[in-house]
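Source file work-v7.txt; content: compact mmCIF, C-alpha atoms and all ligand atoms.
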# COMPACT_ATOMS: atom_id res chain seq x y z
CA MET A 28 -14.02 -0.32 21.40
CA GLU A 29 -14.90 2.49 19.05
CA ILE A 30 -12.46 4.03 16.62
CA LYS A 31 -12.78 7.79 16.27
CA LYS A 32 -9.30 9.13 15.80
CA VAL A 33 -6.90 7.72 13.25
CA GLY A 34 -3.15 8.26 13.00
CA VAL A 35 -1.28 7.55 9.77
CA LEU A 36 2.49 7.18 9.74
CA GLY A 37 3.97 8.32 6.46
CA CYS A 38 2.26 10.53 3.90
CA GLY A 39 3.65 8.99 0.72
CA LEU A 40 1.54 7.31 -1.94
CA MET A 41 -0.03 4.73 0.41
CA GLY A 42 -0.12 6.81 3.60
CA SER A 43 -1.76 9.81 1.94
CA GLY A 44 -4.32 7.50 0.31
CA ILE A 45 -5.13 5.87 3.65
CA ALA A 46 -5.40 9.28 5.36
CA GLN A 47 -7.70 10.43 2.57
CA VAL A 48 -10.13 7.49 2.72
CA ALA A 49 -10.29 7.71 6.53
CA ALA A 50 -11.06 11.45 6.35
CA MET A 51 -13.66 10.85 3.61
CA ALA A 52 -15.29 8.29 5.91
CA GLY A 53 -15.61 10.92 8.65
CA PHE A 54 -12.72 9.95 10.95
CA ASP A 55 -10.42 12.57 12.44
CA VAL A 56 -7.04 11.86 10.89
CA THR A 57 -3.55 12.98 11.82
CA ALA A 58 -0.79 12.12 9.37
CA LEU A 59 2.80 12.05 10.62
CA GLU A 60 5.83 12.75 8.47
CA VAL A 61 9.47 13.45 9.25
CA GLU A 62 9.48 16.80 7.43
CA GLN A 63 6.83 19.34 6.43
CA LYS A 64 7.79 19.06 2.74
CA TYR A 65 6.64 15.41 2.68
CA LEU A 66 3.33 16.37 4.28
CA ASP A 67 2.89 19.11 1.67
CA LYS A 68 3.51 16.61 -1.13
CA GLY A 69 1.10 14.04 0.35
CA PHE A 70 -1.62 16.63 0.94
CA ALA A 71 -1.22 17.95 -2.62
CA GLY A 72 -1.91 14.39 -3.86
CA ILE A 73 -4.98 14.16 -1.61
CA GLU A 74 -6.24 17.49 -2.96
CA LYS A 75 -5.88 16.22 -6.55
CA SER A 76 -7.68 12.97 -5.77
CA LEU A 77 -10.53 14.74 -3.93
CA ALA A 78 -10.89 17.06 -6.93
CA LYS A 79 -11.26 14.01 -9.20
CA PHE A 80 -14.01 12.63 -6.94
CA VAL A 81 -15.83 15.99 -7.10
CA GLU A 82 -15.44 16.03 -10.89
CA ARG A 83 -17.05 12.61 -11.07
CA GLY A 84 -19.96 13.75 -8.89
CA PRO A 85 -21.99 11.83 -6.28
CA GLU A 86 -24.30 10.20 -8.86
CA LYS A 87 -21.30 8.32 -10.35
CA GLY A 88 -19.67 7.33 -7.06
CA GLY A 89 -17.88 10.65 -6.51
CA ILE A 90 -18.51 13.35 -3.89
CA THR A 91 -19.88 16.92 -3.66
CA ALA A 92 -17.71 20.01 -3.14
CA GLN A 93 -19.10 20.21 0.40
CA GLN A 94 -18.07 16.60 1.13
CA LYS A 95 -14.61 17.46 -0.14
CA ASP A 96 -14.40 20.38 2.33
CA GLU A 97 -15.64 18.12 5.14
CA ALA A 98 -13.00 15.50 4.34
CA ARG A 99 -10.32 18.17 4.31
CA ALA A 100 -11.51 19.48 7.69
CA HIS A 101 -10.96 16.00 9.19
CA LEU A 102 -7.30 15.95 8.08
CA LYS A 103 -4.28 17.27 9.95
CA GLY A 104 -0.59 16.86 9.27
CA THR A 105 2.15 16.86 11.88
CA THR A 106 5.86 16.23 12.33
CA ASN A 107 5.42 15.74 16.10
CA LYS A 108 4.71 12.20 17.36
CA GLN A 109 3.05 13.60 20.51
CA ASP A 110 0.11 14.68 18.31
CA LEU A 111 -0.80 10.99 17.90
CA ALA A 112 -1.13 10.36 21.65
CA ASP A 113 -4.94 10.08 21.68
CA CYS A 114 -5.38 8.02 18.47
CA ASP A 115 -7.56 4.90 18.60
CA ILE A 116 -5.75 3.26 15.69
CA ILE A 117 -2.43 4.03 14.05
CA ILE A 118 -1.75 2.77 10.56
CA GLU A 119 1.88 2.70 9.57
CA ALA A 120 2.75 3.19 5.90
CA ILE A 121 6.41 4.20 6.00
CA ILE A 122 9.26 2.74 3.95
CA GLU A 123 9.48 -1.09 3.82
CA ASN A 124 12.47 -1.29 6.14
CA VAL A 125 12.28 -3.48 9.25
CA PRO A 126 14.66 -1.49 11.54
CA GLN A 127 12.98 1.83 10.64
CA LYS A 128 9.50 0.42 11.22
CA LYS A 129 10.54 -1.12 14.55
CA GLU A 130 12.12 2.12 15.71
CA MET A 131 8.92 4.00 14.84
CA TYR A 132 6.71 1.53 16.77
CA THR A 133 8.98 1.49 19.80
CA SER A 134 9.03 5.28 20.06
CA LEU A 135 5.25 5.56 19.62
CA ASP A 136 4.51 2.75 22.05
CA GLY A 137 5.46 5.00 24.95
CA ILE A 138 3.50 8.01 23.64
CA VAL A 139 0.19 6.60 22.40
CA LYS A 140 -2.58 5.52 24.80
CA LYS A 141 -2.45 1.83 25.68
CA GLU A 142 -5.82 0.92 24.06
CA CYS A 143 -4.66 2.17 20.65
CA ILE A 144 -4.43 -0.49 17.93
CA PHE A 145 -1.22 -0.55 15.89
CA ALA A 146 -1.62 -1.58 12.26
CA THR A 147 0.97 -1.95 9.54
CA ASN A 148 0.29 -1.54 5.83
CA THR A 149 3.32 -3.66 4.97
CA SER A 150 2.89 -5.76 1.83
CA SER A 151 5.40 -8.45 2.68
CA ILE A 152 7.26 -7.92 5.96
CA CYS A 153 6.33 -10.40 8.69
CA VAL A 154 3.81 -8.60 10.93
CA THR A 155 4.86 -10.75 13.89
CA GLU A 156 8.43 -9.50 13.52
CA LEU A 157 7.20 -5.91 13.89
CA LEU A 158 4.93 -6.43 16.89
CA GLY A 159 7.96 -7.48 18.92
CA ALA A 160 9.02 -3.82 18.90
CA THR A 161 6.03 -2.90 21.10
CA LYS A 162 4.58 -3.83 24.47
CA ARG A 163 1.15 -4.37 22.87
CA PRO A 164 1.57 -7.51 20.71
CA GLU A 165 -2.11 -8.45 21.13
CA ARG A 166 -3.16 -5.03 19.78
CA PHE A 167 -1.05 -5.30 16.62
CA ILE A 168 -2.42 -6.28 13.20
CA GLY A 169 -1.83 -5.86 9.48
CA LEU A 170 -4.11 -3.65 7.37
CA HIS A 171 -2.92 -3.99 3.80
CA PHE A 172 -4.36 -1.45 1.35
CA PHE A 173 -3.93 -1.39 -2.43
CA ASN A 174 -2.69 1.27 -4.79
CA PRO A 175 -4.44 3.62 -5.65
CA VAL A 176 -5.97 3.50 -2.17
CA PRO A 177 -8.90 5.87 -2.89
CA LEU A 178 -10.09 3.58 -5.72
CA MET A 179 -9.10 0.07 -4.73
CA LYS A 180 -11.80 -1.59 -2.65
CA LEU A 181 -9.77 -4.30 -0.93
CA VAL A 182 -8.14 -4.32 2.50
CA GLU A 183 -6.39 -7.45 3.77
CA VAL A 184 -6.89 -7.69 7.54
CA VAL A 185 -3.96 -9.69 8.88
CA ARG A 186 -4.13 -11.67 12.10
CA THR A 187 -0.95 -12.79 13.85
CA ILE A 188 -0.70 -15.61 16.40
CA ALA A 189 -0.65 -12.90 19.11
CA THR A 190 -3.64 -10.81 17.91
CA ASP A 191 -6.55 -10.43 20.33
CA GLY A 192 -9.88 -11.53 18.76
CA GLU A 193 -11.73 -8.35 19.69
CA VAL A 194 -8.95 -6.15 18.31
CA TYR A 195 -9.10 -8.12 15.05
CA GLU A 196 -12.87 -7.69 14.71
CA THR A 197 -12.60 -3.97 15.53
CA ALA A 198 -10.04 -3.55 12.75
CA TYR A 199 -12.18 -5.61 10.35
CA GLU A 200 -15.24 -3.42 11.03
CA PHE A 201 -13.08 -0.31 10.75
CA ALA A 202 -12.01 -1.36 7.23
CA LYS A 203 -15.72 -1.66 6.32
CA LYS A 204 -16.40 1.82 7.72
CA LEU A 205 -13.71 3.11 5.35
CA GLY A 206 -15.92 1.90 2.50
CA LYS A 207 -13.58 -0.99 1.75
CA VAL A 208 -14.16 -4.71 1.43
CA PRO A 209 -12.02 -6.46 4.06
CA VAL A 210 -10.75 -10.02 3.69
CA ARG A 211 -9.46 -12.15 6.54
CA THR A 212 -5.94 -13.48 6.26
CA SER A 213 -3.12 -14.60 8.48
CA ASP A 214 0.48 -13.49 8.83
CA LYS A 215 1.95 -15.62 6.03
CA THR A 216 4.33 -13.56 3.90
CA GLY A 217 2.51 -11.87 1.00
CA PHE A 218 -0.92 -12.58 2.54
CA ILE A 219 -3.47 -13.46 -0.17
CA VAL A 220 -2.91 -10.96 -2.96
CA ASN A 221 0.88 -10.84 -3.19
CA ARG A 222 1.10 -14.62 -2.69
CA LEU A 223 -0.72 -14.95 -6.01
CA LEU A 224 0.15 -11.68 -7.75
CA VAL A 225 3.93 -11.68 -7.32
CA PRO A 226 4.60 -15.07 -9.03
CA TYR A 227 2.31 -13.94 -11.89
CA LEU A 228 4.21 -10.65 -12.36
CA LEU A 229 7.59 -12.41 -12.16
CA ASP A 230 6.42 -15.04 -14.67
CA ALA A 231 5.47 -12.26 -17.08
CA ILE A 232 9.08 -10.99 -16.90
CA ARG A 233 10.41 -14.52 -17.41
CA ALA A 234 8.07 -15.00 -20.39
CA TYR A 235 9.46 -11.80 -21.89
CA GLU A 236 13.05 -12.90 -21.18
CA GLU A 237 12.30 -16.20 -22.93
CA GLY A 238 10.90 -14.46 -26.02
CA VAL A 239 7.27 -15.51 -25.56
CA GLY A 240 6.07 -12.06 -26.59
CA SER A 241 6.87 -8.35 -26.54
CA ILE A 242 6.03 -6.16 -23.54
CA GLU A 243 3.01 -4.63 -25.34
CA ASP A 244 1.79 -8.03 -26.56
CA ILE A 245 2.05 -9.68 -23.14
CA ASP A 246 0.24 -6.68 -21.60
CA ASN A 247 -2.49 -6.74 -24.24
CA ALA A 248 -2.85 -10.52 -23.96
CA MET A 249 -3.55 -10.38 -20.23
CA LYS A 250 -5.74 -7.27 -20.47
CA LEU A 251 -7.89 -8.45 -23.34
CA GLY A 252 -7.64 -12.20 -22.79
CA CYS A 253 -8.31 -12.18 -19.06
CA GLY A 254 -10.06 -8.87 -18.53
CA TYR A 255 -7.39 -7.52 -16.17
CA PRO A 256 -7.49 -3.71 -15.85
CA MET A 257 -3.74 -3.48 -16.51
CA GLY A 258 -1.30 -5.86 -18.17
CA PRO A 259 1.54 -7.21 -15.96
CA PHE A 260 4.21 -4.76 -17.19
CA THR A 261 1.94 -1.73 -16.80
CA LEU A 262 1.10 -2.97 -13.31
CA LEU A 263 4.78 -3.61 -12.46
CA ASP A 264 5.63 -0.03 -13.47
CA PHE A 265 2.62 1.20 -11.48
CA VAL A 266 3.52 -0.71 -8.29
CA GLY A 267 7.22 0.20 -8.69
CA LEU A 268 10.01 -2.14 -9.74
CA ASP A 269 12.02 -1.34 -6.60
CA THR A 270 9.00 -2.27 -4.46
CA THR A 271 8.45 -5.51 -6.37
CA TYR A 272 12.15 -6.36 -6.18
CA TYR A 273 12.09 -5.83 -2.41
CA ILE A 274 9.00 -8.05 -2.06
CA THR A 275 10.70 -10.84 -4.04
CA HIS A 276 13.52 -10.89 -1.48
CA VAL A 277 11.19 -11.15 1.50
CA MET A 278 9.03 -13.82 -0.15
CA HIS A 279 11.92 -15.86 -1.52
CA ASP A 280 13.62 -15.72 1.85
CA GLU A 281 10.45 -17.04 3.51
CA PHE A 282 9.48 -19.80 1.05
CA LYS A 283 12.77 -20.57 -0.79
CA GLU A 284 10.80 -21.19 -3.97
CA ARG A 285 11.87 -20.07 -7.46
CA ARG A 286 8.45 -18.63 -8.20
CA PHE A 287 9.19 -15.82 -5.73
CA ALA A 288 12.77 -15.17 -6.95
CA SER A 289 13.61 -12.06 -8.96
CA PRO A 290 14.26 -12.66 -12.66
CA PRO A 291 17.66 -11.22 -13.78
CA LEU A 292 16.03 -8.46 -15.85
CA LEU A 293 14.08 -7.07 -12.86
CA LYS A 294 17.28 -6.89 -10.80
CA ARG A 295 19.15 -5.08 -13.56
CA MET A 296 16.38 -2.57 -14.10
CA VAL A 297 16.34 -1.73 -10.40
CA MET A 298 20.15 -1.47 -10.37
CA ALA A 299 19.86 0.98 -13.29
CA GLY A 300 17.41 3.11 -11.28
CA TRP A 301 14.47 2.28 -13.55
CA TYR A 302 11.72 1.98 -10.95
CA GLY A 303 8.70 2.35 -13.23
CA ARG A 304 6.27 5.20 -13.52
CA LYS A 305 7.61 7.13 -10.53
CA SER A 306 11.15 7.37 -11.99
CA GLY A 307 9.95 8.06 -15.55
CA LYS A 308 11.22 4.71 -16.88
CA GLY A 309 10.53 1.07 -16.28
CA PHE A 310 9.23 -1.50 -18.74
CA TYR A 311 7.75 1.58 -20.43
CA ASP A 312 9.26 5.03 -20.95
CA TYR A 313 7.07 7.78 -19.53
CA ALA A 314 8.75 10.80 -21.20
CA ASP A 315 5.19 11.55 -22.33
CA PRO A 316 3.13 10.09 -19.43
CA ALA A 317 0.01 10.06 -21.61
CA LYS A 318 1.75 7.86 -24.21
CA PRO A 319 4.07 5.33 -22.54
CA VAL A 320 6.47 3.61 -24.97
CA ALA A 321 7.36 -0.03 -24.29
CA GLY A 322 11.07 -0.80 -23.96
CA ARG A 323 13.13 -3.52 -25.69
CA PHE A 324 15.59 -5.21 -23.35
N1 LIG B 1 -8.40 9.38 -6.84
C1 LIG B 1 -9.65 9.60 -7.28
N2 LIG B 1 -10.06 9.30 -8.53
C2 LIG B 1 -9.13 8.76 -9.36
C3 LIG B 1 -7.80 8.51 -8.96
C4 LIG B 1 -7.45 8.82 -7.63
N3 LIG B 1 -6.21 8.61 -7.14
N4 LIG B 1 -7.14 7.95 -10.01
C5 LIG B 1 -8.00 7.86 -11.03
N5 LIG B 1 -9.21 8.36 -10.64
C6 LIG B 1 -10.44 8.42 -11.42
C7 LIG B 1 -10.24 9.00 -12.79
O1 LIG B 1 -10.36 10.42 -12.76
C8 LIG B 1 -11.37 8.36 -13.57
O2 LIG B 1 -12.59 9.04 -13.27
P1 LIG B 1 -13.77 9.16 -14.37
O3 LIG B 1 -14.27 7.75 -14.56
O4 LIG B 1 -14.78 10.04 -13.71
O5 LIG B 1 -13.13 9.74 -15.57
C9 LIG B 1 -11.49 6.97 -12.92
O6 LIG B 1 -10.88 7.07 -11.63
C10 LIG B 1 -10.80 5.88 -13.72
O7 LIG B 1 -9.45 6.24 -13.92
P2 LIG B 1 -8.69 6.04 -15.28
O8 LIG B 1 -9.65 6.20 -16.45
O9 LIG B 1 -7.48 6.91 -15.27
O10 LIG B 1 -8.11 4.59 -15.27
P3 LIG B 1 -8.77 3.14 -15.11
O11 LIG B 1 -10.18 3.09 -15.50
O12 LIG B 1 -7.80 2.23 -15.77
O13 LIG B 1 -8.69 2.86 -13.55
C11 LIG B 1 -7.23 1.85 -11.95
C12 LIG B 1 -7.50 3.04 -12.86
C13 LIG B 1 -8.29 1.75 -10.87
C14 LIG B 1 -5.87 2.12 -11.31
C15 LIG B 1 -7.24 0.52 -12.78
O14 LIG B 1 -6.38 0.64 -13.87
C16 LIG B 1 -6.81 -0.66 -11.96
O15 LIG B 1 -7.61 -1.23 -11.20
N6 LIG B 1 -5.54 -1.10 -12.11
C17 LIG B 1 -4.98 -2.19 -11.33
C18 LIG B 1 -4.46 -1.65 -10.03
C19 LIG B 1 -3.95 -2.72 -9.14
O16 LIG B 1 -3.92 -3.89 -9.45
N7 LIG B 1 -3.53 -2.28 -7.96
C20 LIG B 1 -2.99 -3.18 -6.98
C21 LIG B 1 -1.54 -3.13 -7.09
S1 LIG B 1 -0.79 -4.29 -6.00
C22 LIG B 1 -0.67 -3.46 -4.55
O17 LIG B 1 -0.99 -2.29 -4.42
C23 LIG B 1 -0.14 -4.27 -3.42
C24 LIG B 1 1.24 -3.88 -3.07
O18 LIG B 1 1.55 -4.61 -1.91
C25 LIG B 1 2.27 -4.21 -4.12

Output the file's structure as structure tokens, nothing else.
Ligand code: 3HC
Amino acid sequence: MEIKKVGVLGCGLMGSGIAQVAAMAGFDVTALEVEQKYLDKGFAGIEKSLAKFVERGPEKGGITAQQKDEARAHLKGTTNKQDLADCDIIIEAIIENVPQKKEMYTSLDGIVKKECIFATNTSSICVTELLGATKRPERFIGLHFFNPVPLMKLVEVVRTIATDGEVYETAYEFAKKLGKVPVRTSDKTGFIVNRLLVPYLLDAIRAYEEGVGSIEDIDNAMKLGCGYPMGPFTLLDFVGLDTTYYITHVMHDEFKERRFASPPLLKRMVMAGWYGRKSGKGFYDYADPAKPVAGRF
């Protein structure tokens, strides 16, 4: 089957990024949100990102002003689920909440054509648990993108025990057409990246709690000693401490291993409403976003 029309559920950080890369790749994209104000916010982010690509220029991996206009012309926003009826693939990137995701899939299942592939961008929820909310379990997969979606090359293509082989290959090829590098993985909580990344991030917090080094020193050590683009605390603030805390619950619940359990400090920071960059405070204070100041806890 050929994918031409893409639906994206949710126009937050991940959803808007997914809508953007699909539009830049020439697909017709409809993004669904519950209210117009969320679409406006997501589309403003897309506009900013497209402008950065134009600034960079096509010779350095960016795009021309004309390509930006073309991408924009491929994008539509809606608050009406009926507008997704003729999509060939729908990628869900709404809040990480099982009942809300299930409700969304169940309501769309009756609206969208039966050939349409349903994909979830969940980072940790069991994909198999979600497919039960539809009557198309064999047409249900995971497509896990990384933040910031327009820049990060990887997509994890997640197969469940119910996924049809042809559907899987179609989704895999689709990820390539988005300009991404797909990797094959199965529906084991955390897939490949979070299975390895989450224990590393949590260990960085434990190392800090145990006095191994300061936040800046641990960040610098991993950046300069291992060549990582961001140290663990900068990355934690970037991903969101609330998001990471949520993932620890799902992963610890699945594997019952300490390496996936939240360190006390992470829990307390989330309880205090310090979610990282998006809330203005996490392991760093972003009062001046250009000059984050590391905290002492
Ligand atoms: N759209 C388009 N262009 C953008 C952009 C965006 N959203 N954000 C930044 N850029 C451009 C900048 O303008 C700059 O362009 P230039 O080279 O022409 O000046 C270029 O990209 C580089 O940006 P910066 O100089 O600001 O920053 P970096 O060089 O540090 O790159 C980064 C930014 C790609 C985010 C890099 O720091 C990085 O790879 N960090 C790690 C990110 C990561 O690990 N993400 C995965 C998180 S885990 C996850 O998402 C899974 C989930 O399940 C938890």

As JSON, numbers by chain, please: every protein or nucleic acid residue near ligand LIG 1 (chain B) (cut-off 10 Å, counting all atoms listed in the file). {"A": [40, 41, 44, 47, 48, 72, 73, 74, 75, 76, 77, 78, 79, 80, 81, 82, 83, 84, 87, 88, 89, 148, 149, 150, 151, 171, 172, 173, 174, 175, 176, 177, 178, 179, 180, 181, 182, 217, 218, 220, 221, 224, 225, 255, 256, 257, 258, 259, 261, 262, 263, 265, 266, 267, 268, 270, 271, 274]}

Shortest interatomic distance to Tyr272 in chain A - which of A:Leu59, A:Leu293, A:Cys143, A:Val184, counting only C-alpha atoms: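 Closest to Tyr272 in chain A of all the choices is A:Leu293.
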
Extending 5 Å beyond the listed atoms of range 234-251 of chain A on each side, what axis-aligned box results? I want centre and edge lengths in Å to one decimal, as lines of an AutoDock Vina configuration file.
center_x = 2.6
center_y = -10.4
center_z = -23.4
size_x = 30.9
size_y = 21.6
size_z = 16.4

Please indicate the distance in Å from CA of Leu158 in chain A to CA of Asp136 in chain A, rounded to one decimal place.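 About the pair CA of Leu158 in chain A and CA of Asp136 in chain A: they are 10.5 Å apart.
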
I need the residue nearest Val210 in chain A from this list: A:Leu170, A:Cys253, A:Val194, A:Ser241. Use only C-alpha atoms for the distance. A:Leu170

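Coordinates place CA of Asn107 in chain A at a distance of 9.6 Å from CA of Glu62 in chain A.
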
Write out as a PyMOL selection string which residues come within 10 Å of Arg286 in chain A when counting only C-alpha atoms, dropping same-chain ones fewer than 5 positions away. chain A and resi 225-230+275+278-279

Which neighbours of range 308-312 of chain A fall inside 12 Å, counting all atoms listed in the file, when residues of the same chain fewer than 6 positions from it are skipped, and could you give them as a ChimeraX atom specification? /A:231-232,235,241-243,245-246,258-269,292-302,318-324

Between CA of Arg285 in chain A and CA of Thr216 in chain A, what is the distance, to one decimal in Å?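 Separating CA of Arg285 in chain A from CA of Thr216 in chain A is a distance of 15.1 Å.
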
Of the candidates A:Glu142, A:Leu223, A:Gln63, A:Thr105, which shows the shortest atom-to-atom distance to Glu193 in chain A, using only C-alpha atoms?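 That would be A:Glu142, the residue with the smallest distance to Glu193 in chain A.
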
Nearby residues (all atoms listed in the file) at most 7 Å from Val277 in chain A, same-chain spacing under 4 positions excluded, as a ChimeraX atom specification: /A:151-152,273,281

Of the residues A:Pro85, A:Arg166, A:Val61, A:Ile121, which is the one nearest to Lys108 in chain A, using only C-alpha atoms? A:Val61
